[in-house]
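Text of the file run03.pdb, holding PDB, C-alpha atoms and all ligand atoms:
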```
ATOM      1  CA  MET A  11       0.000   0.000   0.000
ATOM      2  CA  GLN A  12       1.179   3.496  -0.852
ATOM      3  CA  VAL A  13       0.017   6.900   0.346
ATOM      4  CA  ILE A  14       0.596   9.543  -2.314
ATOM      5  CA  LEU A  15       0.459  13.249  -1.468
ATOM      6  CA  ALA A  16      -0.716  15.830  -4.002
ATOM      7  CA  ASN A  17       1.264  19.010  -4.597
ATOM      8  CA  PRO A  18       0.395  21.791  -4.133
ATOM      9  CA  ARG A  19      -2.235  21.210  -1.442
ATOM     10  CA  GLY A  20      -3.582  23.041   1.588
ATOM     11  CA  PHE A  21      -3.194  26.690   2.574
ATOM     12  CA  CYS A  22      -3.169  29.336  -0.152
ATOM     13  CA  ALA A  23      -1.796  32.861   0.271
ATOM     14  CA  GLY A  24      -5.249  34.353   0.943
ATOM     15  CA  VAL A  25      -5.955  31.902   3.754
ATOM     16  CA  GLU A  26      -2.498  32.394   5.334
ATOM     17  CA  ARG A  27      -3.113  36.133   5.345
ATOM     18  CA  ALA A  28      -6.677  35.896   6.710
ATOM     19  CA  ILE A  29      -5.645  33.692   9.640
ATOM     20  CA  ALA A  30      -2.628  35.918  10.366
ATOM     21  CA  ILE A  31      -4.910  38.977  10.475
ATOM     22  CA  VAL A  32      -7.079  37.397  13.185
ATOM     23  CA  GLU A  33      -4.048  36.213  15.162
ATOM     24  CA  ARG A  34      -2.276  39.600  14.963
ATOM     25  CA  ALA A  35      -5.444  41.474  15.895
ATOM     26  CA  LEU A  36      -5.843  39.231  18.959
ATOM     27  CA  GLU A  37      -2.197  39.831  19.933
ATOM     28  CA  LYS A  38      -2.426  43.565  19.421
ATOM     29  CA  PHE A  39      -5.879  44.399  20.793
ATOM     30  CA  GLY A  40      -6.672  41.394  22.983
ATOM     31  CA  ALA A  41      -9.822  39.263  23.067
ATOM     32  CA  PRO A  42     -12.563  39.422  22.072
ATOM     33  CA  ILE A  43     -12.049  40.103  18.368
ATOM     34  CA  TYR A  44     -15.217  39.705  16.339
ATOM     35  CA  VAL A  45     -14.996  37.949  12.979
ATOM     36  CA  ARG A  46     -17.844  38.233  10.507
ATOM     37  CA  HIS A  47     -18.400  34.682   9.214
ATOM     38  CA  GLU A  48     -15.836  31.874   9.577
ATOM     39  CA  VAL A  49     -12.605  33.626   8.567
ATOM     40  CA  VAL A  50     -11.934  30.585   6.378
ATOM     41  CA  HIS A  51     -14.159  27.536   6.010
ATOM     42  CA  ASN A  52     -12.253  25.162   8.247
ATOM     43  CA  LYS A  53     -13.473  23.772  11.546
ATOM     44  CA  PHE A  54     -10.002  23.171  13.047
ATOM     45  CA  VAL A  55      -8.810  26.689  12.164
ATOM     46  CA  CYS A  56     -11.934  28.361  13.558
ATOM     47  CA  ASP A  57     -11.941  26.248  16.748
ATOM     48  CA  ASP A  58      -8.304  27.210  17.313
ATOM     49  CA  LEU A  59      -9.000  30.936  16.799
ATOM     50  CA  ARG A  60     -12.099  30.710  18.994
ATOM     51  CA  ALA A  61      -9.949  29.260  21.782
ATOM     52  CA  LYS A  62      -7.615  32.288  21.398
ATOM     53  CA  GLY A  63     -10.520  34.748  21.747
ATOM     54  CA  ALA A  64     -12.078  35.185  18.312
ATOM     55  CA  VAL A  65     -15.875  35.440  18.313
ATOM     56  CA  PHE A  66     -17.497  34.397  15.045
ATOM     57  CA  ILE A  67     -20.751  36.151  14.156
ATOM     58  CA  GLU A  68     -22.871  36.248  10.989
ATOM     59  CA  GLU A  69     -24.466  39.698  11.373
ATOM     60  CA  LEU A  70     -22.777  42.963  12.369
ATOM     61  CA  SER A  71     -25.724  43.631  14.695
ATOM     62  CA  GLU A  72     -24.151  40.963  16.939
ATOM     63  CA  VAL A  73     -20.995  43.098  17.354
ATOM     64  CA  PRO A  74     -21.061  45.411  20.402
ATOM     65  CA  ALA A  75     -20.425  49.131  19.775
ATOM     66  CA  GLY A  76     -16.761  50.142  19.868
ATOM     67  CA  SER A  77     -15.501  46.634  19.029
ATOM     68  CA  THR A  78     -13.076  45.420  16.385
ATOM     69  CA  VAL A  79     -14.442  43.269  13.577
ATOM     70  CA  ILE A  80     -12.656  41.313  10.873
ATOM     71  CA  PHE A  81     -14.288  40.514   7.526
ATOM     72  CA  SER A  82     -13.683  36.919   6.395
ATOM     73  CA  ALA A  83     -11.459  35.912   3.464
ATOM     74  CA  HIS A  84     -14.550  35.459   1.281
ATOM     75  CA  GLY A  85     -15.306  39.203   1.196
ATOM     76  CA  VAL A  86     -18.384  41.289   1.994
ATOM     77  CA  SER A  87     -20.993  43.346   0.138
ATOM     78  CA  LYS A  88     -20.925  47.138   0.032
ATOM     79  CA  ALA A  89     -23.905  47.154   2.399
ATOM     80  CA  VAL A  90     -21.942  45.276   5.085
ATOM     81  CA  ARG A  91     -18.991  47.669   4.720
ATOM     82  CA  GLU A  92     -21.357  50.644   5.018
ATOM     83  CA  GLU A  93     -23.052  49.169   8.091
ATOM     84  CA  ALA A  94     -19.678  48.727   9.809
ATOM     85  CA  ASP A  95     -18.784  52.332   8.910
ATOM     86  CA  SER A  96     -22.060  53.768  10.148
ATOM     87  CA  ARG A  97     -21.700  51.874  13.434
ATOM     88  CA  GLY A  98     -18.152  53.191  13.824
ATOM     89  CA  LEU A  99     -16.693  49.694  14.213
ATOM     90  CA  LYS A 100     -12.944  49.228  13.813
ATOM     91  CA  VAL A 101     -12.549  47.001  10.760
ATOM     92  CA  PHE A 102      -9.746  44.785   9.503
ATOM     93  CA  ASP A 103     -10.451  43.353   6.108
ATOM     94  CA  ALA A 104      -9.260  39.767   5.608
ATOM     95  CA  THR A 105     -10.880  39.556   2.158
ATOM     96  CA  CYS A 106      -8.406  37.793  -0.133
ATOM     97  CA  PRO A 107      -6.858  40.346  -2.544
ATOM     98  CA  LEU A 108      -7.881  38.041  -5.413
ATOM     99  CA  VAL A 109     -11.534  38.324  -4.318
ATOM    100  CA  THR A 110     -11.153  42.110  -3.960
ATOM    101  CA  LYS A 111      -9.818  42.176  -7.528
ATOM    102  CA  VAL A 112     -13.155  40.728  -8.707
ATOM    103  CA  HIS A 113     -15.052  43.300  -6.604
ATOM    104  CA  VAL A 114     -13.076  46.107  -8.272
ATOM    105  CA  GLU A 115     -13.834  44.622 -11.679
ATOM    106  CA  VAL A 116     -17.590  44.554 -10.925
ATOM    107  CA  GLY A 117     -17.431  48.199  -9.806
ATOM    108  CA  LYS A 118     -15.684  49.246 -13.041
ATOM    109  CA  MET A 119     -18.194  47.406 -15.216
ATOM    110  CA  ARG A 120     -21.192  48.903 -13.424
ATOM    111  CA  ASN A 121     -19.645  52.385 -13.747
ATOM    112  CA  GLN A 122     -19.550  51.788 -17.495
ATOM    113  CA  SER A 123     -23.277  50.875 -17.319
ATOM    114  CA  ARG A 124     -22.525  47.275 -18.177
ATOM    115  CA  GLU A 125     -24.625  44.594 -16.539
ATOM    116  CA  VAL A 126     -22.706  41.758 -14.890
ATOM    117  CA  VAL A 127     -23.359  38.031 -14.798
ATOM    118  CA  MET A 128     -21.655  36.233 -11.938
ATOM    119  CA  ILE A 129     -20.975  32.501 -12.229
ATOM    120  CA  GLY A 130     -21.017  31.057  -8.728
ATOM    121  CA  HIS A 131     -22.788  29.002  -6.090
ATOM    122  CA  LYS A 132     -25.948  30.540  -4.674
ATOM    123  CA  GLY A 133     -25.780  31.263  -0.949
ATOM    124  CA  HIS A 134     -21.965  31.153  -0.747
ATOM    125  CA  PRO A 135     -20.557  34.180   1.158
ATOM    126  CA  GLU A 136     -18.133  35.080  -1.644
ATOM    127  CA  VAL A 137     -21.062  35.205  -4.079
ATOM    128  CA  GLU A 138     -23.072  37.365  -1.672
ATOM    129  CA  GLY A 139     -20.107  39.719  -1.317
ATOM    130  CA  THR A 140     -19.403  40.009  -5.042
ATOM    131  CA  MET A 141     -23.080  40.277  -6.035
ATOM    132  CA  GLY A 142     -23.368  42.935  -3.337
ATOM    133  CA  GLN A 143     -20.848  45.237  -5.049
ATOM    134  CA  SER A 144     -23.757  46.763  -6.939
ATOM    135  CA  GLY A 145     -27.349  47.441  -5.949
ATOM    136  CA  ASP A 146     -28.635  46.424  -9.379
ATOM    137  CA  GLY A 147     -27.627  45.127 -12.790
ATOM    138  CA  MET A 148     -26.210  41.847 -11.467
ATOM    139  CA  TYR A 149     -27.319  38.297 -12.326
ATOM    140  CA  LEU A 150     -26.215  35.011 -10.764
ATOM    141  CA  VAL A 151     -25.935  31.771 -12.758
ATOM    142  CA  GLU A 152     -24.662  28.379 -11.605
ATOM    143  CA  THR A 153     -25.147  26.185 -14.677
ATOM    144  CA  ALA A 154     -25.438  26.293 -18.474
ATOM    145  CA  GLU A 155     -29.171  25.641 -17.943
ATOM    146  CA  ASP A 156     -29.397  28.862 -15.874
ATOM    147  CA  VAL A 157     -27.732  30.721 -18.772
ATOM    148  CA  LYS A 158     -30.417  29.447 -21.164
ATOM    149  CA  GLN A 159     -33.152  30.889 -18.901
ATOM    150  CA  LEU A 160     -31.309  34.178 -18.298
ATOM    151  CA  LYS A 161     -32.908  37.423 -19.457
ATOM    152  CA  VAL A 162     -30.833  40.607 -19.139
ATOM    153  CA  ASN A 163     -31.668  44.249 -19.890
ATOM    154  CA  THR A 164     -28.476  45.098 -21.820
ATOM    155  CA  PRO A 165     -27.293  42.012 -23.780
ATOM    156  CA  ARG A 166     -24.942  44.228 -25.878
ATOM    157  CA  GLN A 167     -23.399  45.691 -22.724
ATOM    158  CA  LEU A 168     -22.793  42.566 -20.692
ATOM    159  CA  SER A 169     -19.807  41.293 -18.698
ATOM    160  CA  PHE A 170     -19.155  38.273 -16.526
ATOM    161  CA  VAL A 171     -17.132  37.441 -13.448
ATOM    162  CA  THR A 172     -16.743  34.171 -11.540
ATOM    163  CA  GLN A 173     -16.357  32.925  -7.991
ATOM    164  CA  THR A 174     -12.642  32.276  -7.338
ATOM    165  CA  THR A 175     -13.020  28.659  -6.201
ATOM    166  CA  LEU A 176     -15.142  27.088  -8.944
ATOM    167  CA  SER A 177     -14.383  23.856 -10.747
ATOM    168  CA  VAL A 178     -12.266  25.002 -13.702
ATOM    169  CA  ASP A 179     -13.930  22.450 -15.987
ATOM    170  CA  ASP A 180     -17.525  23.200 -14.915
ATOM    171  CA  ALA A 181     -16.934  26.944 -15.199
ATOM    172  CA  SER A 182     -15.644  26.615 -18.767
ATOM    173  CA  VAL A 183     -18.937  24.947 -19.764
ATOM    174  CA  VAL A 184     -20.990  27.796 -18.257
ATOM    175  CA  ILE A 185     -18.744  30.428 -19.882
ATOM    176  CA  ALA A 186     -19.153  28.714 -23.258
ATOM    177  CA  ALA A 187     -22.956  28.814 -22.789
ATOM    178  CA  LEU A 188     -22.778  32.521 -21.906
ATOM    179  CA  LYS A 189     -20.732  33.285 -25.026
ATOM    180  CA  HIS A 190     -23.204  31.284 -27.113
ATOM    181  CA  HIS A 191     -26.352  33.008 -25.788
ATOM    182  CA  PHE A 192     -24.788  36.480 -25.399
ATOM    183  CA  PRO A 193     -22.186  36.822 -28.180
ATOM    184  CA  ASP A 194     -21.154  40.316 -26.989
ATOM    185  CA  VAL A 195     -20.425  39.237 -23.429
ATOM    186  CA  GLN A 196     -17.011  40.336 -22.145
ATOM    187  CA  GLY A 197     -15.052  38.820 -19.314
ATOM    188  CA  PRO A 198     -11.628  38.180 -17.878
ATOM    189  CA  LYS A 199      -9.126  36.444 -20.193
ATOM    190  CA  LYS A 200     -10.426  33.069 -18.992
ATOM    191  CA  ASP A 201     -12.231  33.292 -15.655
ATOM    192  CA  ASP A 202     -11.600  34.622 -12.114
ATOM    193  CA  ILE A 203     -10.666  31.226 -10.681
ATOM    194  CA  CYS A 204      -7.534  31.866  -8.629
ATOM    195  CA  TYR A 205      -4.083  30.325  -9.009
ATOM    196  CA  ALA A 206      -4.518  28.196  -5.850
ATOM    197  CA  THR A 207      -7.834  26.699  -6.958
ATOM    198  CA  GLN A 208      -6.438  25.970 -10.417
ATOM    199  CA  ASN A 209      -3.214  24.405  -9.082
ATOM    200  CA  ARG A 210      -4.971  22.211  -6.475
ATOM    201  CA  GLN A 211      -7.436  20.904  -9.057
ATOM    202  CA  ASP A 212      -4.620  20.195 -11.536
ATOM    203  CA  ALA A 213      -2.698  18.344  -8.792
ATOM    204  CA  VAL A 214      -5.717  16.157  -7.916
ATOM    205  CA  LYS A 215      -6.112  15.292 -11.608
ATOM    206  CA  VAL A 216      -2.521  13.992 -11.640
ATOM    207  CA  LEU A 217      -3.061  12.248  -8.290
ATOM    208  CA  ALA A 218      -6.297  10.541  -9.350
ATOM    209  CA  GLU A 219      -4.530   8.904 -12.297
ATOM    210  CA  GLN A 220      -2.243   7.078  -9.878
ATOM    211  CA  CYS A 221      -4.679   6.173  -7.084
ATOM    212  CA  ASP A 222      -7.689   4.012  -6.384
ATOM    213  CA  LEU A 223      -8.877   6.194  -3.505
ATOM    214  CA  VAL A 224      -8.511   9.932  -2.853
ATOM    215  CA  ILE A 225      -8.994  11.563   0.547
ATOM    216  CA  VAL A 226      -9.336  15.343   0.590
ATOM    217  CA  VAL A 227      -8.822  17.124   3.901
ATOM    218  CA  GLY A 228     -11.252  20.009   4.267
ATOM    219  CA  SER A 229     -14.507  21.045   5.928
ATOM    220  CA  PRO A 230     -17.888  20.282   4.351
ATOM    221  CA  ASN A 231     -18.682  24.002   3.860
ATOM    222  CA  SER A 232     -15.406  24.640   2.003
ATOM    223  CA  SER A 233     -16.354  25.079  -1.621
ATOM    224  CA  ASN A 234     -12.837  24.657  -3.031
ATOM    225  CA  SER A 235     -12.298  21.487  -0.962
ATOM    226  CA  ARG A 236     -15.557  19.988  -2.236
ATOM    227  CA  ARG A 237     -14.484  20.723  -5.801
ATOM    228  CA  LEU A 238     -11.258  18.730  -5.209
ATOM    229  CA  ARG A 239     -13.259  15.665  -4.172
ATOM    230  CA  GLU A 240     -15.447  16.078  -7.281
ATOM    231  CA  VAL A 241     -12.363  16.261  -9.524
ATOM    232  CA  ALA A 242     -11.302  12.808  -8.267
ATOM    233  CA  LEU A 243     -14.851  11.397  -8.477
ATOM    234  CA  THR A 244     -15.206  12.669 -12.062
ATOM    235  CA  ARG A 245     -12.128  10.609 -12.907
ATOM    236  CA  GLY A 246     -13.826   7.478 -11.605
ATOM    237  CA  VAL A 247     -11.857   7.275  -8.356
ATOM    238  CA  ASP A 248     -13.520   6.795  -4.947
ATOM    239  CA  ALA A 249     -13.083  10.038  -3.032
ATOM    240  CA  TYR A 250     -14.022  11.427   0.381
ATOM    241  CA  LEU A 251     -13.828  14.799   2.101
ATOM    242  CA  VAL A 252     -12.800  14.618   5.767
ATOM    243  CA  ASP A 253     -12.313  17.218   8.483
ATOM    244  CA  GLY A 254      -9.692  15.000  10.094
ATOM    245  CA  ALA A 255      -8.224  11.516  10.555
ATOM    246  CA  ASP A 256     -11.025  10.403  12.887
ATOM    247  CA  GLU A 257     -13.523  10.609  10.013
ATOM    248  CA  ILE A 258     -11.715   7.970   7.951
ATOM    249  CA  ASP A 259     -13.738   4.761   7.758
ATOM    250  CA  PRO A 260     -11.273   1.806   7.594
ATOM    251  CA  MET A 261     -13.707   0.162   5.137
ATOM    252  CA  TRP A 262     -12.739   2.813   2.543
ATOM    253  CA  LEU A 263      -9.206   1.388   2.490
ATOM    254  CA  GLU A 264     -10.189  -2.226   1.946
ATOM    255  CA  GLY A 265      -8.828  -3.606  -1.316
ATOM    256  CA  LYS A 266      -7.092  -0.313  -2.138
ATOM    257  CA  THR A 267      -3.387  -0.166  -2.935
ATOM    258  CA  ARG A 268      -2.702   3.517  -3.615
ATOM    259  CA  VAL A 269      -4.392   6.169  -1.502
ATOM    260  CA  GLY A 270      -4.064   9.779  -2.636
ATOM    261  CA  VAL A 271      -4.257  12.616  -0.127
ATOM    262  CA  SER A 272      -4.833  16.305  -0.809
ATOM    263  CA  ALA A 273      -6.203  19.270   1.126
ATOM    264  CA  GLY A 274      -8.362  22.288   0.348
ATOM    265  CA  ALA A 275      -6.978  25.831   0.464
ATOM    266  CA  SER A 276      -8.332  26.318   4.008
ATOM    267  CA  ALA A 277      -7.083  23.013   5.504
ATOM    268  CA  PRO A 278      -3.912  23.113   7.651
ATOM    269  CA  GLU A 279      -0.998  20.756   6.961
ATOM    270  CA  ILE A 280      -1.134  19.347  10.526
ATOM    271  CA  LEU A 281      -4.442  17.695   9.603
ATOM    272  CA  VAL A 282      -2.866  16.181   6.478
ATOM    273  CA  GLU A 283      -0.013  14.819   8.637
ATOM    274  CA  ARG A 284      -2.506  13.246  11.027
ATOM    275  CA  VAL A 285      -4.448  11.668   8.151
ATOM    276  CA  VAL A 286      -1.240  10.224   6.684
ATOM    277  CA  ASP A 287      -0.112   8.904  10.113
ATOM    278  CA  HIS A 288      -3.530   7.332  10.652
ATOM    279  CA  ILE A 289      -3.495   5.543   7.288
ATOM    280  CA  THR A 290       0.092   4.350   7.720
ATOM    281  CA  GLN A 291      -0.721   2.987  11.188
ATOM    282  CA  LEU A 292      -3.716   1.097   9.780
ATOM    283  CA  THR A 293      -1.957  -0.242   6.694
ATOM    284  CA  HIS A 294       1.857   0.142   7.064
ATOM    285  CA  ALA A 295       1.753   2.058   3.782
ATOM    286  CA  GLN A 296       4.785   3.844   2.326
ATOM    287  CA  VAL A 297       4.419   7.583   1.792
ATOM    288  CA  LYS A 298       5.477   9.517  -1.289
ATOM    289  CA  GLN A 299       5.029  13.104  -2.465
ATOM    290  CA  LEU A 300       4.217  14.047  -6.033
ATOM    291  CA  ALA A 301       6.137  16.917  -7.567
ATOM    292  CA  GLY A 302       4.084  20.023  -8.291
ATOM    293  CA  VAL A 303       4.328  23.682  -9.222
ATOM    294  CA  GLU A 304       6.011  26.010  -6.722
ATOM    295  CA  GLU A 305       3.493  28.734  -5.907
ATOM    296  CA  GLY A 306       5.582  31.287  -4.033
ATOM    297  CA  VAL A 307       2.624  33.652  -3.583
ATOM    298  CA  SER A 308       2.140  35.728  -0.443
ATOM    299  CA  PHE A 309       0.032  38.770   0.376
ATOM    300  CA  PRO A 310       1.049  41.517   2.834
ATOM    301  CA  LEU A 311      -0.907  42.156   6.039
ATOM    302  CA  PRO A 312      -2.764  45.436   6.561
ATOM    303  CA  LYS A 313      -0.241  48.106   7.670
ATOM    304  CA  GLU A 314      -1.577  48.406  11.195
ATOM    305  CA  LEU A 315      -1.094  44.666  11.772
ATOM    306  CA  GLY A 316       2.165  44.205   9.833
ATOM    307  CA  ILE A 317       5.561  43.625  11.412
ATOM    308  CA  GLY A 318       7.349  46.629  12.869
TER
HETATM  309  O1  LIG A 401     -14.714  29.680  -0.892
HETATM  310  P1  LIG A 401     -14.449  28.443  -0.084
HETATM  311  O2  LIG A 401     -15.736  27.885   0.485
HETATM  312  O3  LIG A 401     -13.666  27.450  -0.815
HETATM  313  O4  LIG A 401     -13.612  28.985   1.148
HETATM  314  P2  LIG A 401     -12.494  28.394   2.083
HETATM  315  O5  LIG A 401     -12.604  26.940   2.262
HETATM  316  O6  LIG A 401     -12.505  29.239   3.311
HETATM  317  O7  LIG A 401     -11.127  28.631   1.317
HETATM  318  C1  LIG A 401     -10.620  29.908   1.084
HETATM  319  C2  LIG A 401     -11.136  30.478  -0.189
HETATM  320  C3  LIG A 401     -11.691  31.849  -0.091
HETATM  321  C4  LIG A 401     -11.589  32.599   0.970
HETATM  322  C5  LIG A 401     -12.378  32.442  -1.249
HETATM  323  O8  LIG A 401     -11.627  32.322  -2.391
HETATM  324 FE1  LIG A 402      -7.554  33.859  -2.357
HETATM  325 FE2  LIG A 402      -7.658  31.818  -4.045
HETATM  326 FE3  LIG A 402      -7.112  31.399  -1.530
HETATM  327 FE4  LIG A 402      -9.542  32.157  -2.231
HETATM  328  S1  LIG A 402      -8.557  30.227  -2.736
HETATM  329  S2  LIG A 402      -8.372  32.898  -0.500
HETATM  330  S3  LIG A 402      -9.071  33.553  -3.944
HETATM  331  S4  LIG A 402      -5.831  32.583  -2.981
END
```

Could I get this file's structure written as structure tokens?
Ligand code: 0O3
Ligand code: SF4
Amino acid sequence: MQVILANPRGFCAGVERAIAIVERALEKFGAPIYVRHEVVHNKFVCDDLRAKGAVFIEELSEVPAGSTVIFSAHGVSKAVREEADSRGLKVFDATCPLVTKVHVEVGKMRNQSREVVMIGHKGHPEVEGTMGQSGDGMYLVETAEDVKQLKVNTPRQLSFVTQTTLSVDDASVVIAALKHHFPDVQGPKKDDICYATQNRQDAVKVLAEQCDLVIVVGSPNSSNSRRLREVALTRGVDAYLVDGADEIDPMWLEGKTRVGVSAGASAPEILVERVVDHITQLTHAQVKQLAGVEEGVSFPLPKELGIG
């Protein structure tokens, strides 16, 4: 039996930065620090921050006057930003710069009176934040079928943006449908799927070719982690998403000889290590790492929380 690790896997630059913002704010201002929504969609990370004094809330009305609040990595709507302003809350913004880039793009398009179609998953906080960059002129689609049903006011003046963590392959189908139904639609060169999402999906494609089981470490509400499991499933390989080693059912390993392991962008490496240790204890498997692209991406902290 072999355990094969995908590369790259786990934390992306946006998640590293978001967690560091909460930790630095706790160090600098002391507990409690309020965080609007799970700063990243990972149970272990949020439990750890909660133990250090972070208080996760969904609505700003839950934040007492005069407190400090951090916006999660997924970003917020203009309305949420305005509410924080009007309540005089001290805000640190942990929105990933690659999500902010999409927000800026939406703003530019609306200023040019273009309507904007967003491709994303309904109800996801990133979608709520990006859709909420404009009070009107925005449409949300999830599938090519949604595109078929879509009616817009300005088909000649139409743009699209995407959620950053979509399945690259599914998104390309929806974009093709958009271009078919709205030939004048303009968008980014390809989509707004970020480097980390792209690289982790590519790595699971390579992994799935060599494995008969893939285990993805990530929480059930982590969109990018769920997409990684789907990538393996689409390639006909059994695949599971687990929050940690204790969720592994030994039955999954029966009759398998090569188990692939990856992790979503919000899942810490310590959980991957524990999963690998657990499998090797059960099976005496050998562990190997696949080669992968070096990412070398990092984003600076807000000035007030940076070093020095
Ligand atoms: O967007 P997703 O549910 O995948 O969020 P996670 O799991 O917190 O991962 C970080 C990604 C993100 C903040 C948006 O791109
Ligand atoms: Fe940013 Fe991409 Fe990470 Fe999301 S997955 S936080 S867009 S780097």

Residues matched by the PyMOL selection byres (((chain A and resi 141) around 10) and not hetatm) as number ranges by chain: A: 86-88, 113, 116, 126-128, 130, 135-140, 142-150, 171

Residues up to 7 Å from ligand LIG 402 (chain A), counting only C-alpha atoms and all ligand atoms: could you list those as a PDB file with C-alpha atoms, in the frame of the given file?
```pdb
ATOM      1  CA  CYS A  22      -3.169  29.336  -0.152  1.00  0.00           C
ATOM      2  CA  ALA A  23      -1.796  32.861   0.271  1.00  0.00           C
ATOM      3  CA  GLY A  24      -5.249  34.353   0.943  1.00  0.00           C
ATOM      4  CA  VAL A  25      -5.955  31.902   3.754  1.00  0.00           C
ATOM      5  CA  ALA A  83     -11.459  35.912   3.464  1.00  0.00           C
ATOM      6  CA  HIS A  84     -14.550  35.459   1.281  1.00  0.00           C
ATOM      7  CA  CYS A 106      -8.406  37.793  -0.133  1.00  0.00           C
ATOM      8  CA  PRO A 107      -6.858  40.346  -2.544  1.00  0.00           C
ATOM      9  CA  LEU A 108      -7.881  38.041  -5.413  1.00  0.00           C
ATOM     10  CA  VAL A 109     -11.534  38.324  -4.318  1.00  0.00           C
ATOM     11  CA  THR A 174     -12.642  32.276  -7.338  1.00  0.00           C
ATOM     12  CA  THR A 175     -13.020  28.659  -6.201  1.00  0.00           C
ATOM     13  CA  CYS A 204      -7.534  31.866  -8.629  1.00  0.00           C
ATOM     14  CA  TYR A 205      -4.083  30.325  -9.009  1.00  0.00           C
ATOM     15  CA  ALA A 206      -4.518  28.196  -5.850  1.00  0.00           C
ATOM     16  CA  THR A 207      -7.834  26.699  -6.958  1.00  0.00           C
ATOM     17  CA  ALA A 275      -6.978  25.831   0.464  1.00  0.00           C
TER      18      ALA A 275
END
```

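Distance-wise, atom CA of A:Phe39 and atom CA of A:Glu92 end up 23.0 Å apart.
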
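Nearest-residue note for A:Ala104: choosing from A:Val55, A:Ala30, A:Ala75, A:Val157, the minimum distance belongs to A:Ala30, counting all atoms listed in the file.
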
Show me, as AutoDock Vina command-line options, the centre and edge lengths in Å to one decimal of the axis-aligned box that covers every listed atom of ligand LIG 401 (chain A) with 8 Å on each side.
```
--center_x -13.2 --center_y 29.8 --center_z 0.5 --size_x 21.1 --size_y 21.7 --size_z 21.7
```

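Here atom CA of A:Val114 stands at a distance of 27.3 Å from atom CA of A:Lys158.
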
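For the file at hand, the PyMOL selection byres (((chain A and resi 316) around 12) and not hetatm) resolves to A:Arg27, A:Ala30, A:Ile31, A:Val32, A:Glu33, A:Arg34, A:Ala35, A:Glu37, A:Lys38, A:Phe102, A:Phe309, A:Pro310, A:Leu311, A:Pro312, A:Lys313, A:Glu314, A:Leu315, A:Ile317, A:Gly318.
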
For the residues selected in the previous step, produce a file with C-alpha atoms as a short mmCIF file (atom, residue, chain, number, x, y, z; two decimals), in the coordinates of the input.
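Contents of again21.cif, freshly written:
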```cif
data_model
loop_
_atom_site.label_atom_id
_atom_site.label_comp_id
_atom_site.auth_asym_id
_atom_site.auth_seq_id
_atom_site.Cartn_x
_atom_site.Cartn_y
_atom_site.Cartn_z
CA ARG A 27 -3.11 36.13 5.34
CA ALA A 30 -2.63 35.92 10.37
CA ILE A 31 -4.91 38.98 10.48
CA VAL A 32 -7.08 37.40 13.18
CA GLU A 33 -4.05 36.21 15.16
CA ARG A 34 -2.28 39.60 14.96
CA ALA A 35 -5.44 41.47 15.90
CA GLU A 37 -2.20 39.83 19.93
CA LYS A 38 -2.43 43.56 19.42
CA PHE A 102 -9.75 44.78 9.50
CA PHE A 309 0.03 38.77 0.38
CA PRO A 310 1.05 41.52 2.83
CA LEU A 311 -0.91 42.16 6.04
CA PRO A 312 -2.76 45.44 6.56
CA LYS A 313 -0.24 48.11 7.67
CA GLU A 314 -1.58 48.41 11.20
CA LEU A 315 -1.09 44.67 11.77
CA ILE A 317 5.56 43.62 11.41
CA GLY A 318 7.35 46.63 12.87
#
```

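If all atoms listed in the file are the atoms counted, then among A:Ser232, A:Gln299, A:Ser71, A:Gln12 the closest residue to ligand LIG 401 (chain A) is A:Ser232.
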
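In this model, the gap between atom CA of A:Ala41 and atom CA of A:Asn231 comes to 26.1 Å.
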
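Compared by their closest atoms to A:Met11, and using only C-alpha atoms, the residues A:Val50, A:Leu243, A:Cys221, A:Val252 rank with A:Cys221 nearest.
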
Resolved residues for the PyMOL selection byres (((chain A and resi 47) around 9) and not hetatm) as a ChimeraX atom specification: /A:45-46,48-51,66-69,80-82,84,135

Within 12 Å of file point (-2.2, 6.3, 12.3), counting all atoms listed in the file, expressed as a VMD selection string: chain A and resid 254 to 256 258 260 281 to 295

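With distances restricted to all atoms listed in the file, A:Asp253 is the closest residue to ligand LIG 401 (chain A) from A:Glu219, A:Asp253, A:Glu155, A:Asp194.
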
For ligand LIG 401 (chain A), the nearest of the candidates A:Thr172, A:Asn234, A:Thr267, A:Thr105, counting only C-alpha atoms and all ligand atoms: A:Asn234

Would you mind writing stretch 26-30 of chain A with N, CA, C and O atoms, as an mmCIF file, in the frame of the given file?
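Result written to rebuild.cif:
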```cif
data_model
loop_
_atom_site.group_PDB
_atom_site.id
_atom_site.type_symbol
_atom_site.label_atom_id
_atom_site.label_comp_id
_atom_site.auth_asym_id
_atom_site.auth_seq_id
_atom_site.Cartn_x
_atom_site.Cartn_y
_atom_site.Cartn_z
ATOM 1 N N GLU A 26 -3.605 32.074 4.408
ATOM 2 C CA GLU A 26 -2.498 32.394 5.334
ATOM 3 C C GLU A 26 -2.679 33.815 5.871
ATOM 4 O O GLU A 26 -2.536 34.071 7.068
ATOM 5 N N ARG A 27 -2.983 34.729 4.956
ATOM 6 C CA ARG A 27 -3.113 36.133 5.345
ATOM 7 C C ARG A 27 -4.312 36.330 6.261
ATOM 8 O O ARG A 27 -4.234 37.018 7.276
ATOM 9 N N ALA A 28 -5.449 35.703 5.927
ATOM 10 C CA ALA A 28 -6.677 35.896 6.710
ATOM 11 C C ALA A 28 -6.486 35.401 8.145
ATOM 12 O O ALA A 28 -6.877 36.082 9.109
ATOM 13 N N ILE A 29 -5.857 34.237 8.295
ATOM 14 C CA ILE A 29 -5.645 33.692 9.640
ATOM 15 C C ILE A 29 -4.663 34.588 10.410
ATOM 16 O O ILE A 29 -4.871 34.898 11.590
ATOM 17 N N ALA A 30 -3.621 35.043 9.713
ATOM 18 C CA ALA A 30 -2.628 35.918 10.366
ATOM 19 C C ALA A 30 -3.283 37.219 10.837
ATOM 20 O O ALA A 30 -2.935 37.741 11.907
#
```
